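Source file entry-v9.json; content: JSON, C-alpha atoms and all ligand atoms.
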[["chain", "number", "residue", "atom", "x", "y", "z"],
["A", 1288, "MET", "CA", 4.28, -109.87, -1.21],
["A", 1289, "ARG", "CA", 2.14, -109.36, 1.87],
["A", 1290, "GLY", "CA", 1.04, -105.90, 0.73],
["A", 1291, "CYS", "CA", -0.52, -107.33, -2.42],
["A", 1292, "ILE", "CA", -3.44, -109.24, -0.89],
["A", 1293, "GLY", "CA", -6.54, -108.18, -2.83],
["A", 1294, "ALA", "CA", -8.97, -105.63, -1.44],
["A", 1295, "SER", "CA", -11.86, -108.10, -1.63],
["A", 1296, "ALA", "CA", -10.04, -110.54, 0.65],
["A", 1297, "LEU", "CA", -9.53, -107.69, 3.09],
["A", 1298, "ILE", "CA", -13.17, -106.69, 3.18],
["A", 1299, "VAL", "CA", -14.14, -110.27, 3.99],
["A", 1300, "ALA", "CA", -11.51, -110.56, 6.70],
["A", 1301, "LEU", "CA", -11.53, -107.10, 8.22],
["A", 1302, "PRO", "CA", -14.49, -104.93, 7.20],
["A", 1303, "PHE", "CA", -13.90, -102.35, 9.94],
["A", 1304, "PHE", "CA", -10.32, -101.62, 9.02],
["A", 1305, "ALA", "CA", -10.72, -101.97, 5.27],
["A", 1306, "MET", "CA", -13.65, -99.60, 4.96],
["A", 1307, "ALA", "CA", -12.27, -96.60, 6.81],
["A", 1308, "ALA", "CA", -11.92, -94.19, 3.89],
["A", 1309, "GLU", "CA", -9.06, -92.20, 5.39],
["A", 1310, "ASP", "CA", -6.81, -95.22, 5.87],
["A", 1311, "ALA", "CA", -3.25, -94.23, 5.07],
["A", 1312, "VAL", "CA", -2.06, -97.83, 4.91],
["A", 1313, "VAL", "CA", -3.35, -101.21, 3.75],
["A", 1314, "ILE", "CA", -3.98, -103.55, 6.69],
["A", 1315, "ALA", "CA", -3.31, -106.94, 5.08],
["A", 1316, "PRO", "CA", -2.26, -109.48, 7.72],
["A", 1317, "PRO", "CA", -0.61, -112.63, 6.36],
["A", 1318, "PRO", "CA", -2.74, -115.76, 6.85],
["A", 1319, "GLU", "CA", -2.76, -117.41, 10.29],
["A", 1320, "GLY", "CA", 0.12, -119.85, 10.61],
["A", 1321, "SER", "CA", 2.03, -118.51, 7.59],
["A", 1322, "VAL", "CA", 4.74, -116.62, 9.53],
["A", 1323, "SER", "CA", 7.36, -118.61, 11.44],
["A", 1324, "VAL", "CA", 8.73, -117.46, 14.78],
["A", 1325, "ALA", "CA", 12.08, -116.78, 13.05],
["A", 1326, "GLU", "CA", 10.35, -114.57, 10.47],
["A", 1327, "GLY", "CA", 8.39, -112.89, 13.27],
["A", 1328, "LEU", "CA", 11.63, -112.13, 15.11],
["A", 1329, "ALA", "CA", 13.16, -110.71, 11.93],
["A", 1330, "ALA", "CA", 10.09, -108.47, 11.57],
["A", 1331, "TRP", "CA", 10.47, -107.47, 15.22],
["A", 1332, "GLY", "CA", 14.10, -106.50, 14.59],
["A", 1333, "ARG", "CA", 12.94, -104.03, 11.93],
["A", 1334, "ILE", "CA", 10.11, -102.78, 14.18],
["A", 1335, "TYR", "CA", 12.70, -102.08, 16.87],
["A", 1336, "GLU", "CA", 14.84, -100.09, 14.41],
["A", 1337, "VAL", "CA", 11.82, -97.85, 13.85],
["A", 1338, "ALA", "CA", 10.64, -97.60, 17.48],
["A", 1339, "SER", "CA", 14.11, -96.77, 18.77],
["A", 1340, "HIS", "CA", 14.81, -94.23, 16.04],
["A", 1341, "PRO", "CA", 14.97, -90.65, 17.35],
["A", 1342, "ARG", "CA", 11.98, -89.57, 15.21],
["A", 1343, "CYS", "CA", 9.83, -91.98, 17.25],
["A", 1344, "ALA", "CA", 11.63, -92.39, 20.58],
["A", 1345, "ASN", "CA", 12.05, -88.65, 21.22],
["A", 1346, "CYS", "CA", 8.34, -88.50, 22.17],
["A", 1347, "HIS", "CA", 8.18, -91.99, 23.70],
["A", 1348, "VAL", "CA", 10.13, -91.02, 26.83],
["A", 1349, "GLY", "CA", 8.19, -92.79, 29.57],
["A", 1350, "ALA", "CA", 8.08, -91.31, 33.06],
["A", 1351, "SER", "CA", 10.43, -88.53, 32.03],
["A", 1352, "GLU", "CA", 8.37, -85.47, 31.20],
["A", 1353, "ARG", "CA", 11.18, -84.23, 28.96],
["A", 1354, "PRO", "CA", 10.96, -84.72, 25.19],
["A", 1355, "MET", "CA", 14.35, -85.37, 23.57],
["A", 1356, "TRP", "CA", 16.27, -83.74, 20.76],
["A", 1357, "SER", "CA", 18.69, -86.04, 18.94],
["A", 1358, "GLY", "CA", 19.78, -87.31, 15.56],
["A", 1359, "PRO", "CA", 21.87, -85.81, 12.78],
["A", 1360, "SER", "CA", 20.17, -82.40, 12.92],
["A", 1361, "TYR", "CA", 20.86, -82.01, 16.62],
["A", 1362, "GLY", "CA", 24.39, -83.22, 17.22],
["A", 1363, "GLN", "CA", 24.51, -84.96, 20.58],
["A", 1364, "THR", "CA", 21.34, -86.27, 22.17],
["A", 1365, "ARG", "CA", 19.99, -83.78, 24.67],
["A", 1366, "VAL", "CA", 16.76, -82.92, 26.41],
["A", 1367, "HIS", "CA", 14.38, -80.54, 24.66],
["A", 1368, "GLY", "CA", 15.56, -76.94, 24.91],
["A", 1369, "MET", "CA", 13.74, -74.05, 26.60],
["A", 1370, "ASN", "CA", 13.07, -76.06, 29.76],
["A", 1371, "VAL", "CA", 10.03, -77.71, 28.19],
["A", 1372, "MET", "CA", 8.21, -80.12, 30.53],
["A", 1373, "ALA", "CA", 5.24, -82.19, 29.42],
["A", 1374, "GLY", "CA", 3.88, -82.77, 32.95],
["A", 1375, "ASP", "CA", 1.34, -85.44, 33.85],
["A", 1376, "SER", "CA", -0.89, -84.07, 31.10],
["A", 1377, "ARG", "CA", 1.83, -85.01, 28.54],
["A", 1378, "ILE", "CA", 0.86, -81.84, 26.60],
["A", 1379, "GLY", "CA", 2.58, -79.30, 28.82],
["A", 1380, "ALA", "CA", -0.73, -78.03, 30.28],
["A", 1381, "GLU", "CA", 0.95, -77.41, 33.66],
["A", 1382, "THR", "CA", 3.61, -75.08, 32.21],
["A", 1383, "ILE", "CA", 3.91, -74.13, 28.52],
["A", 1384, "PRO", "CA", 1.61, -76.22, 26.29],
["A", 1385, "CYS", "CA", 3.37, -77.99, 23.41],
["A", 1386, "ARG", "CA", 0.92, -76.33, 21.01],
["A", 1387, "THR", "CA", 2.39, -72.90, 21.79],
["A", 1388, "CYS", "CA", 5.21, -73.74, 19.38],
["A", 1389, "HIS", "CA", 4.07, -77.02, 17.80],
["A", 1390, "VAL", "CA", 0.93, -75.42, 16.37],
["A", 1391, "THR", "CA", -1.69, -77.73, 14.90],
["A", 1392, "ASN", "CA", -1.27, -77.29, 11.17],
["A", 1393, "GLU", "CA", -3.36, -79.21, 8.64],
["A", 1394, "THR", "CA", -0.82, -78.76, 5.87],
["A", 1395, "GLY", "CA", 2.28, -79.35, 7.96],
["A", 1396, "GLY", "CA", 4.86, -76.69, 8.56],
["A", 1397, "ASN", "CA", 8.10, -78.56, 8.85],
["A", 1398, "ALA", "CA", 10.26, -77.18, 6.09],
["A", 1399, "MET", "CA", 12.32, -74.81, 8.24],
["A", 1400, "PRO", "CA", 15.47, -76.30, 9.78],
["A", 1401, "HIS", "CA", 15.12, -76.12, 13.58],
["A", 1402, "GLY", "CA", 11.47, -75.07, 13.35],
["A", 1403, "ALA", "CA", 9.08, -76.77, 15.78],
["A", 1404, "PRO", "CA", 7.45, -79.73, 13.96],
["A", 1405, "GLN", "CA", 3.77, -79.13, 13.17],
["A", 1406, "VAL", "CA", 1.14, -81.74, 12.32],
["A", 1407, "ALA", "CA", -2.66, -81.91, 12.02],
["A", 1408, "ALA", "CA", -3.03, -83.10, 15.62],
["A", 1409, "ALA", "CA", -2.19, -81.95, 19.13],
["A", 1410, "TRP", "CA", 1.57, -82.47, 19.53],
["A", 1411, "ARG", "CA", 2.31, -84.26, 22.82],
["A", 1412, "LEU", "CA", 4.33, -86.99, 24.50],
["A", 1413, "ALA", "CA", 3.32, -90.63, 24.17],
["A", 1414, "PRO", "CA", 1.72, -92.31, 27.22],
["A", 1415, "VAL", "CA", 4.07, -93.08, 30.11],
["A", 1416, "GLU", "CA", 3.74, -96.84, 29.52],
["A", 1417, "ALA", "CA", 5.00, -96.57, 25.92],
["A", 1418, "ASP", "CA", 8.51, -95.90, 27.24],
["A", 1419, "TRP", "CA", 10.95, -96.45, 24.37],
["A", 1420, "PHE", "CA", 13.74, -93.89, 24.62],
["A", 1421, "GLY", "CA", 17.03, -95.69, 25.41],
["A", 1422, "LYS", "CA", 15.23, -99.00, 26.01],
["A", 1423, "SER", "CA", 16.42, -102.37, 24.70],
["A", 1424, "SER", "CA", 14.74, -104.39, 21.98],
["A", 1425, "ASP", "CA", 13.38, -106.81, 24.61],
["A", 1426, "GLU", "CA", 12.03, -104.02, 26.81],
["A", 1427, "ILE", "CA", 10.13, -102.34, 23.97],
["A", 1428, "CYS", "CA", 8.90, -105.71, 22.67],
["A", 1429, "ALA", "CA", 7.57, -106.70, 26.11],
["A", 1430, "GLN", "CA", 5.70, -103.39, 26.42],
["A", 1431, "LEU", "CA", 4.17, -103.47, 22.96],
["A", 1432, "ARG", "CA", 2.67, -106.94, 23.39],
["A", 1433, "ASP", "CA", 1.40, -106.34, 26.94],
["A", 1434, "PRO", "CA", -2.27, -105.27, 26.89],
["A", 1435, "ALA", "CA", -1.85, -103.80, 30.40],
["A", 1436, "ARG", "CA", 0.75, -101.39, 29.01],
["A", 1437, "ASN", "CA", -0.26, -100.87, 25.37],
["A", 1438, "ASP", "CA", -3.72, -99.43, 25.93],
["A", 1439, "GLY", "CA", -5.30, -102.88, 25.51],
["A", 1440, "ARG", "CA", -4.41, -103.10, 21.83],
["A", 1441, "THR", "CA", -4.18, -106.32, 19.80],
["A", 1442, "PHE", "CA", -1.54, -106.39, 17.06],
["A", 1443, "LEU", "CA", -4.28, -105.55, 14.55],
["A", 1444, "GLU", "CA", -5.22, -102.53, 16.63],
["A", 1445, "ILE", "CA", -1.57, -101.46, 16.84],
["A", 1446, "ALA", "CA", -1.39, -101.69, 13.03],
["A", 1447, "ASP", "CA", -4.63, -99.72, 12.73],
["A", 1448, "HIS", "CA", -3.24, -97.07, 15.09],
["A", 1449, "LEU", "CA", -0.19, -96.71, 12.84],
["A", 1450, "GLY", "CA", -2.46, -95.98, 9.89],
["A", 1451, "HIS", "CA", -4.49, -93.33, 11.68],
["A", 1452, "ASP", "CA", -2.12, -91.42, 13.95],
["A", 1453, "VAL", "CA", -0.95, -88.40, 11.96],
["A", 1454, "ILE", "CA", 1.64, -87.55, 14.62],
["A", 1455, "LEU", "CA", 3.69, -90.63, 13.82],
["A", 1456, "HIS", "CA", 3.24, -90.17, 10.05],
["A", 1457, "TRP", "CA", 5.37, -87.05, 10.50],
["A", 1458, "ALA", "CA", 8.32, -89.28, 11.51],
["A", 1459, "TRP", "CA", 8.58, -90.54, 7.90],
["A", 1460, "SER", "CA", 8.53, -87.02, 6.40],
["A", 1461, "PRO", "CA", 9.90, -84.84, 9.17],
["A", 1462, "GLY", "CA", 11.28, -82.05, 6.97],
["A", 1463, "GLY", "CA", 13.77, -79.47, 8.16],
["A", 1464, "GLY", "CA", 16.71, -81.69, 7.20],
["A", 1465, "ARG", "CA", 15.81, -84.29, 9.84],
["A", 1466, "GLU", "CA", 16.53, -87.96, 9.15],
["A", 1467, "PRO", "CA", 13.24, -89.86, 8.60],
["A", 1468, "ALA", "CA", 12.41, -93.04, 10.51],
["A", 1469, "PRO", "CA", 13.67, -96.15, 8.62],
["A", 1470, "TYR", "CA", 11.58, -98.22, 6.16],
["A", 1471, "SER", "CA", 8.14, -96.76, 5.34],
["A", 1472, "LEU", "CA", 4.81, -96.54, 7.16],
["A", 1473, "GLN", "CA", 3.46, -99.39, 4.99],
["A", 1474, "GLU", "CA", 6.54, -101.58, 5.52],
["A", 1475, "HIS", "CA", 6.42, -100.92, 9.26],
["A", 1476, "THR", "CA", 2.72, -101.83, 9.34],
["A", 1477, "ASN", "CA", 3.42, -105.04, 7.39],
["A", 1478, "ASP", "CA", 6.13, -105.91, 9.92],
["A", 1479, "VAL", "CA", 3.75, -105.36, 12.86],
["A", 1480, "LEU", "CA", 1.21, -107.65, 11.15],
["A", 1481, "ALA", "CA", 3.81, -110.36, 10.44],
["A", 1482, "TRP", "CA", 5.12, -110.11, 14.02],
["A", 1483, "GLY", "CA", 1.56, -110.42, 15.33],
["A", 1484, "VAL", "CA", 0.66, -113.43, 13.18],
["A", 1485, "ALA", "CA", 3.90, -115.10, 14.37],
["A", 1486, "GLY", "CA", 2.63, -114.71, 17.96],
["A", 1487, "MET", "CA", 4.45, -111.45, 18.90],
["A", 1488, "PRO", "CA", 7.78, -113.15, 19.71],
["A", 1489, "CYS", "CA", 10.49, -111.21, 21.61],
["A", 1490, "PRO", "CA", 14.25, -111.91, 21.31],
["A", 1491, "SER", "CA", 14.63, -113.29, 24.86],
["A", 1492, "ASP", "CA", 11.61, -115.67, 24.76],
["A", 1501, "LIG", "C1", 8.87, -72.76, 23.22],
["A", 1501, "LIG", "C2", 8.57, -73.53, 22.01],
["A", 1501, "LIG", "C3", 8.36, -75.03, 22.19],
["A", 1501, "LIG", "C4", 7.54, -75.67, 23.08],
["A", 1501, "LIG", "C5", 6.64, -75.06, 24.15],
["A", 1501, "LIG", "C6", 7.66, -77.09, 22.79],
["A", 1501, "LIG", "N1", 8.53, -77.29, 21.76],
["A", 1501, "LIG", "FE1", 9.15, -79.11, 21.02],
["A", 1501, "LIG", "N2", 10.37, -78.16, 19.71],
["A", 1501, "LIG", "C7", 10.50, -76.79, 19.58],
["A", 1501, "LIG", "C8", 11.46, -76.52, 18.53],
["A", 1501, "LIG", "C9", 11.88, -75.12, 18.04],
["A", 1501, "LIG", "C10", 11.90, -77.76, 18.03],
["A", 1501, "LIG", "C11", 12.91, -78.02, 16.93],
["A", 1501, "LIG", "C12", 14.31, -77.92, 17.46],
["A", 1501, "LIG", "C13", 15.34, -78.14, 16.39],
["A", 1501, "LIG", "O1", 15.04, -78.80, 15.38],
["A", 1501, "LIG", "O2", 16.46, -77.67, 16.56],
["A", 1501, "LIG", "C14", 11.20, -78.78, 18.80],
["A", 1501, "LIG", "C15", 11.39, -80.13, 18.63],
["A", 1501, "LIG", "C16", 10.72, -81.10, 19.37],
["A", 1501, "LIG", "C17", 10.96, -82.52, 19.26],
["A", 1501, "LIG", "C18", 12.02, -83.16, 18.40],
["A", 1501, "LIG", "C19", 11.42, -83.79, 17.23],
["A", 1501, "LIG", "C20", 12.49, -84.57, 16.49],
["A", 1501, "LIG", "O3", 12.67, -85.75, 16.76],
["A", 1501, "LIG", "O4", 13.10, -84.00, 15.60],
["A", 1501, "LIG", "C21", 10.10, -83.15, 20.11],
["A", 1501, "LIG", "C22", 9.97, -84.63, 20.34],
["A", 1501, "LIG", "C23", 9.33, -82.13, 20.76],
["A", 1501, "LIG", "N3", 9.72, -80.89, 20.30],
["A", 1501, "LIG", "C24", 8.35, -82.37, 21.67],
["A", 1501, "LIG", "C25", 7.69, -81.39, 22.40],
["A", 1501, "LIG", "C26", 6.66, -81.66, 23.39],
["A", 1501, "LIG", "C27", 6.12, -83.02, 23.73],
["A", 1501, "LIG", "C28", 6.28, -80.46, 23.90],
["A", 1501, "LIG", "C29", 5.29, -80.17, 25.00],
["A", 1501, "LIG", "C30", 5.49, -80.89, 26.24],
["A", 1501, "LIG", "C31", 7.07, -79.44, 23.21],
["A", 1501, "LIG", "N4", 7.91, -80.04, 22.32],
["A", 1501, "LIG", "C32", 6.99, -78.08, 23.48],
["A", 1501, "LIG", "C33", 9.85, -75.84, 20.31],
["A", 1501, "LIG", "C34", 8.97, -76.07, 21.35],
["A", 1502, "LIG", "C1", 5.08, -86.09, 18.79],
["A", 1502, "LIG", "C2", 5.27, -87.23, 19.62],
["A", 1502, "LIG", "C3", 5.24, -88.62, 19.01],
["A", 1502, "LIG", "C4", 6.06, -89.12, 18.02],
["A", 1502, "LIG", "C5", 7.11, -88.37, 17.23],
["A", 1502, "LIG", "C6", 5.70, -90.51, 17.85],
["A", 1502, "LIG", "N1", 4.70, -90.85, 18.73],
["A", 1502, "LIG", "FE1", 3.87, -92.69, 18.95],
["A", 1502, "LIG", "N2", 2.55, -91.94, 20.30],
["A", 1502, "LIG", "C7", 2.44, -90.62, 20.64],
["A", 1502, "LIG", "C8", 1.20, -90.41, 21.40],
["A", 1502, "LIG", "C9", 0.68, -89.09, 21.92],
["A", 1502, "LIG", "C10", 0.59, -91.69, 21.50],
["A", 1502, "LIG", "C11", -0.75, -92.04, 22.15],
["A", 1502, "LIG", "C12", -1.78, -91.93, 21.03],
["A", 1502, "LIG", "C13", -2.99, -92.79, 21.24],
["A", 1502, "LIG", "O1", -2.93, -93.77, 21.99],
["A", 1502, "LIG", "O2", -3.99, -92.50, 20.56],
["A", 1502, "LIG", "C14", 1.47, -92.62, 20.81],
["A", 1502, "LIG", "C15", 1.22, -93.97, 20.72],
["A", 1502, "LIG", "C16", 1.90, -94.84, 19.88],
["A", 1502, "LIG", "C17", 1.61, -96.25, 19.75],
["A", 1502, "LIG", "C18", 0.61, -97.04, 20.55],
["A", 1502, "LIG", "C19", 1.51, -97.73, 21.58],
["A", 1502, "LIG", "C20", 0.93, -98.08, 22.86],
["A", 1502, "LIG", "O3", 1.59, -98.88, 23.55],
["A", 1502, "LIG", "O4", -0.13, -97.56, 23.26],
["A", 1502, "LIG", "C21", 2.47, -96.75, 18.81],
["A", 1502, "LIG", "C22", 2.55, -98.20, 18.32],
["A", 1502, "LIG", "C23", 3.29, -95.64, 18.36],
["A", 1502, "LIG", "N3", 2.92, -94.48, 19.04],
["A", 1502, "LIG", "C24", 4.26, -95.75, 17.40],
["A", 1502, "LIG", "C25", 5.07, -94.69, 16.99],
["A", 1502, "LIG", "C26", 6.06, -94.82, 15.94],
["A", 1502, "LIG", "C27", 6.36, -96.11, 15.20],
["A", 1502, "LIG", "C28", 6.63, -93.59, 15.79],
["A", 1502, "LIG", "C29", 7.67, -93.19, 14.79],
["A", 1502, "LIG", "C30", 7.47, -93.63, 13.42],
["A", 1502, "LIG", "C31", 5.98, -92.71, 16.77],
["A", 1502, "LIG", "N4", 5.05, -93.40, 17.47],
["A", 1502, "LIG", "C32", 6.30, -91.35, 16.95],
["A", 1502, "LIG", "C33", 3.35, -89.61, 20.38],
["A", 1502, "LIG", "C34", 4.37, -89.72, 19.43]]

Could you rewrite the structure in this file as structure tokens?
Ligand code: HEC
Ligand code: HEC
Amino acid sequence: MRGCIGASALIVALPFFAMAAEDAVVIAPPPEGSVSVAEGLAAWGRIYEVASHPRCANCHVGASERPMWSGPSYGQTRVHGMNVMAGDSRIGAETIPCRTCHVTNETGGNAMPHGAPQVAAAWRLAPVEADWFGKSSDEICAQLRDPARNDGRTFLEIADHLGHDVILHWAWSPGGGREPAPYSLQEHTNDVLAWGVAGMPCPSD
């Protein structure tokens, strides 16, 4: 099991990541050369299931300034109600800020069906470049491995981001009767690490 690499090995390999006390996940990349391209592609397939799931993709809408509502709790996919527009700011600063309804709440306030999700961070759309909604596996894969479009992140930095971004943690415990993103945060992180060690392969390579 990848997740079972000892903590001491981690501290040797990755002191920065391993020592952050608030880490929500274990960052334990498999050894260099230990993941085949086929295994990397299998990991990518699972990563795509997560990235394209409504709990993630509804905020990762690219140039559209419209967050999406979809999934079992919503019936048909549709744009966010109440004419919400994120604007260039991605936080709705130009019109109604997201935080008006998605208040920043340290303890989470997501139990009410159809309530606005609340997390301990400023609720907002993902950067324009991280455009996932309705995109193919190849399109999302190409974006995530492109430093020009992924905020200059290596796969280790993507994994680290997953551990620290409390907005996306919500997607695995969304409350309000919403369907959570598939797998778990730790499994998703392990898949990103395996995909990275395999050389970040994409299906159409
Ligand atoms: C006027 C209040 C209001 C504002 C402003 C608002 N939202 Fe929402 N939002 C809601 C409500 C209520 C829901 C839950 C709807 C439901 O579950 O039926 C929601 C749900 C969402 C969802 C769906 C989450 C999911 O996958 O289940 C996303 C994404 C979202 N909002 C993003 C945003 C963003 C980004 C902004 C700012 C640009 C924003 N919202 C501004 C009220 C608001
Ligand atoms: C409420 C909206 C929202 C939801 C829901 C959301 N994200 Fe994001 N995502 C963001 C924002 C905002 C950023 C930019 C944060 C940053 O770079 O610090 C981001 C950035 C990312 C990045 C960095 C990508 C890049 O190219 O820069 C990854 C990876 C990511 N999100 C994964 C996910 C996953 C996986 C899920 C679901 C489990 C998810 N996100 C759900 C808003 C969201």

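Of the listed residues A:Glu1416, A:Glu1466, A:Glu1474, A:Asp1375, the one whose atoms come nearest to ligand LIG 1502 (chain A) is A:Glu1416, with distances taken using all atoms listed in the file.
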
Enclosing box along x, y and z for every listed atom of ligand LIG 1502 (chain A), padded 8 Å each side, centre and size in Å, one decimal, as lines of an AutoDock Vina configuration file:
center_x = 1.8
center_y = -92.5
center_z = 18.5
size_x = 27.7
size_y = 28.8
size_z = 26.1

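Residue nearest ligand LIG 1501 (chain A) within the list A:Tyr1335, A:Trp1356, A:Trp1457, A:Tyr1470: A:Trp1356 [criterion: smallest interatomic distance, only C-alpha atoms and all ligand atoms].
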
>> Please return as a list in words every residue within 12 Å of (7.2, -115.7, 12.5), taking into account all atoms listed in the file and the file's own coordinates.
In response: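 The residues near that point, listed by chain and number, are Pro1317, Pro1318, Glu1319, Gly1320, Ser1321, Val1322, Ser1323, Val1324, Ala1325, Glu1326, Gly1327, Leu1328, Ala1329, Ala1330, Trp1331, Gly1332, Asp1478, Val1479, Leu1480, Ala1481, Trp1482, Gly1483, Val1484, Ala1485, Gly1486, Met1487, Pro1488, Cys1489 and Pro1490 of chain A.
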
>> Taking only C-alpha atoms and all ligand atoms into account, which residues have an atom no farther than 6 Å from ligand LIG 1502 (chain A)? I'd like them as a VMD selection string.
In response: chain A and resid 1337 to 1338 1342 to 1343 1346 1410 to 1414 1417 1431 1437 to 1438 1445 1454 to 1455 1458 1468

Select all residues near (10.4, -85.5, 10.9) (cut-off 12 Å, inclusive, file coordinates), counting all atoms listed in the file, and output them as a PDB file with C-alpha atoms, keeping the file's coordinate frame.
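Full text of point-v7.pdb as output:
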ATOM      1  CA  HIS A1340      14.810 -94.230  16.040  1.00  0.00           C
ATOM      2  CA  PRO A1341      14.970 -90.650  17.350  1.00  0.00           C
ATOM      3  CA  ARG A1342      11.980 -89.570  15.210  1.00  0.00           C
ATOM      4  CA  CYS A1343       9.830 -91.980  17.250  1.00  0.00           C
ATOM      5  CA  ALA A1344      11.630 -92.390  20.580  1.00  0.00           C
ATOM      6  CA  ASN A1345      12.050 -88.650  21.220  1.00  0.00           C
ATOM      7  CA  CYS A1346       8.340 -88.500  22.170  1.00  0.00           C
ATOM      8  CA  TRP A1356      16.270 -83.740  20.760  1.00  0.00           C
ATOM      9  CA  SER A1357      18.690 -86.040  18.940  1.00  0.00           C
ATOM     10  CA  GLY A1358      19.780 -87.310  15.560  1.00  0.00           C
ATOM     11  CA  PRO A1359      21.870 -85.810  12.780  1.00  0.00           C
ATOM     12  CA  SER A1360      20.170 -82.400  12.920  1.00  0.00           C
ATOM     13  CA  GLY A1395       2.280 -79.350   7.960  1.00  0.00           C
ATOM     14  CA  GLY A1396       4.860 -76.690   8.560  1.00  0.00           C
ATOM     15  CA  ASN A1397       8.100 -78.560   8.850  1.00  0.00           C
ATOM     16  CA  ALA A1398      10.260 -77.180   6.090  1.00  0.00           C
ATOM     17  CA  MET A1399      12.320 -74.810   8.240  1.00  0.00           C
ATOM     18  CA  PRO A1400      15.470 -76.300   9.780  1.00  0.00           C
ATOM     19  CA  HIS A1401      15.120 -76.120  13.580  1.00  0.00           C
ATOM     20  CA  GLY A1402      11.470 -75.070  13.350  1.00  0.00           C
ATOM     21  CA  ALA A1403       9.080 -76.770  15.780  1.00  0.00           C
ATOM     22  CA  PRO A1404       7.450 -79.730  13.960  1.00  0.00           C
ATOM     23  CA  GLN A1405       3.770 -79.130  13.170  1.00  0.00           C
ATOM     24  CA  VAL A1406       1.140 -81.740  12.320  1.00  0.00           C
ATOM     25  CA  VAL A1453      -0.950 -88.400  11.960  1.00  0.00           C
ATOM     26  CA  ILE A1454       1.640 -87.550  14.620  1.00  0.00           C
ATOM     27  CA  LEU A1455       3.690 -90.630  13.820  1.00  0.00           C
ATOM     28  CA  HIS A1456       3.240 -90.170  10.050  1.00  0.00           C
ATOM     29  CA  TRP A1457       5.370 -87.050  10.500  1.00  0.00           C
ATOM     30  CA  ALA A1458       8.320 -89.280  11.510  1.00  0.00           C
ATOM     31  CA  TRP A1459       8.580 -90.540   7.900  1.00  0.00           C
ATOM     32  CA  SER A1460       8.530 -87.020   6.400  1.00  0.00           C
ATOM     33  CA  PRO A1461       9.900 -84.840   9.170  1.00  0.00           C
ATOM     34  CA  GLY A1462      11.280 -82.050   6.970  1.00  0.00           C
ATOM     35  CA  GLY A1463      13.770 -79.470   8.160  1.00  0.00           C
ATOM     36  CA  GLY A1464      16.710 -81.690   7.200  1.00  0.00           C
ATOM     37  CA  ARG A1465      15.810 -84.290   9.840  1.00  0.00           C
ATOM     38  CA  GLU A1466      16.530 -87.960   9.150  1.00  0.00           C
ATOM     39  CA  PRO A1467      13.240 -89.860   8.600  1.00  0.00           C
ATOM     40  CA  ALA A1468      12.410 -93.040  10.510  1.00  0.00           C
ATOM     41  CA  PRO A1469      13.670 -96.150   8.620  1.00  0.00           C
TER      42      PRO A1469
END
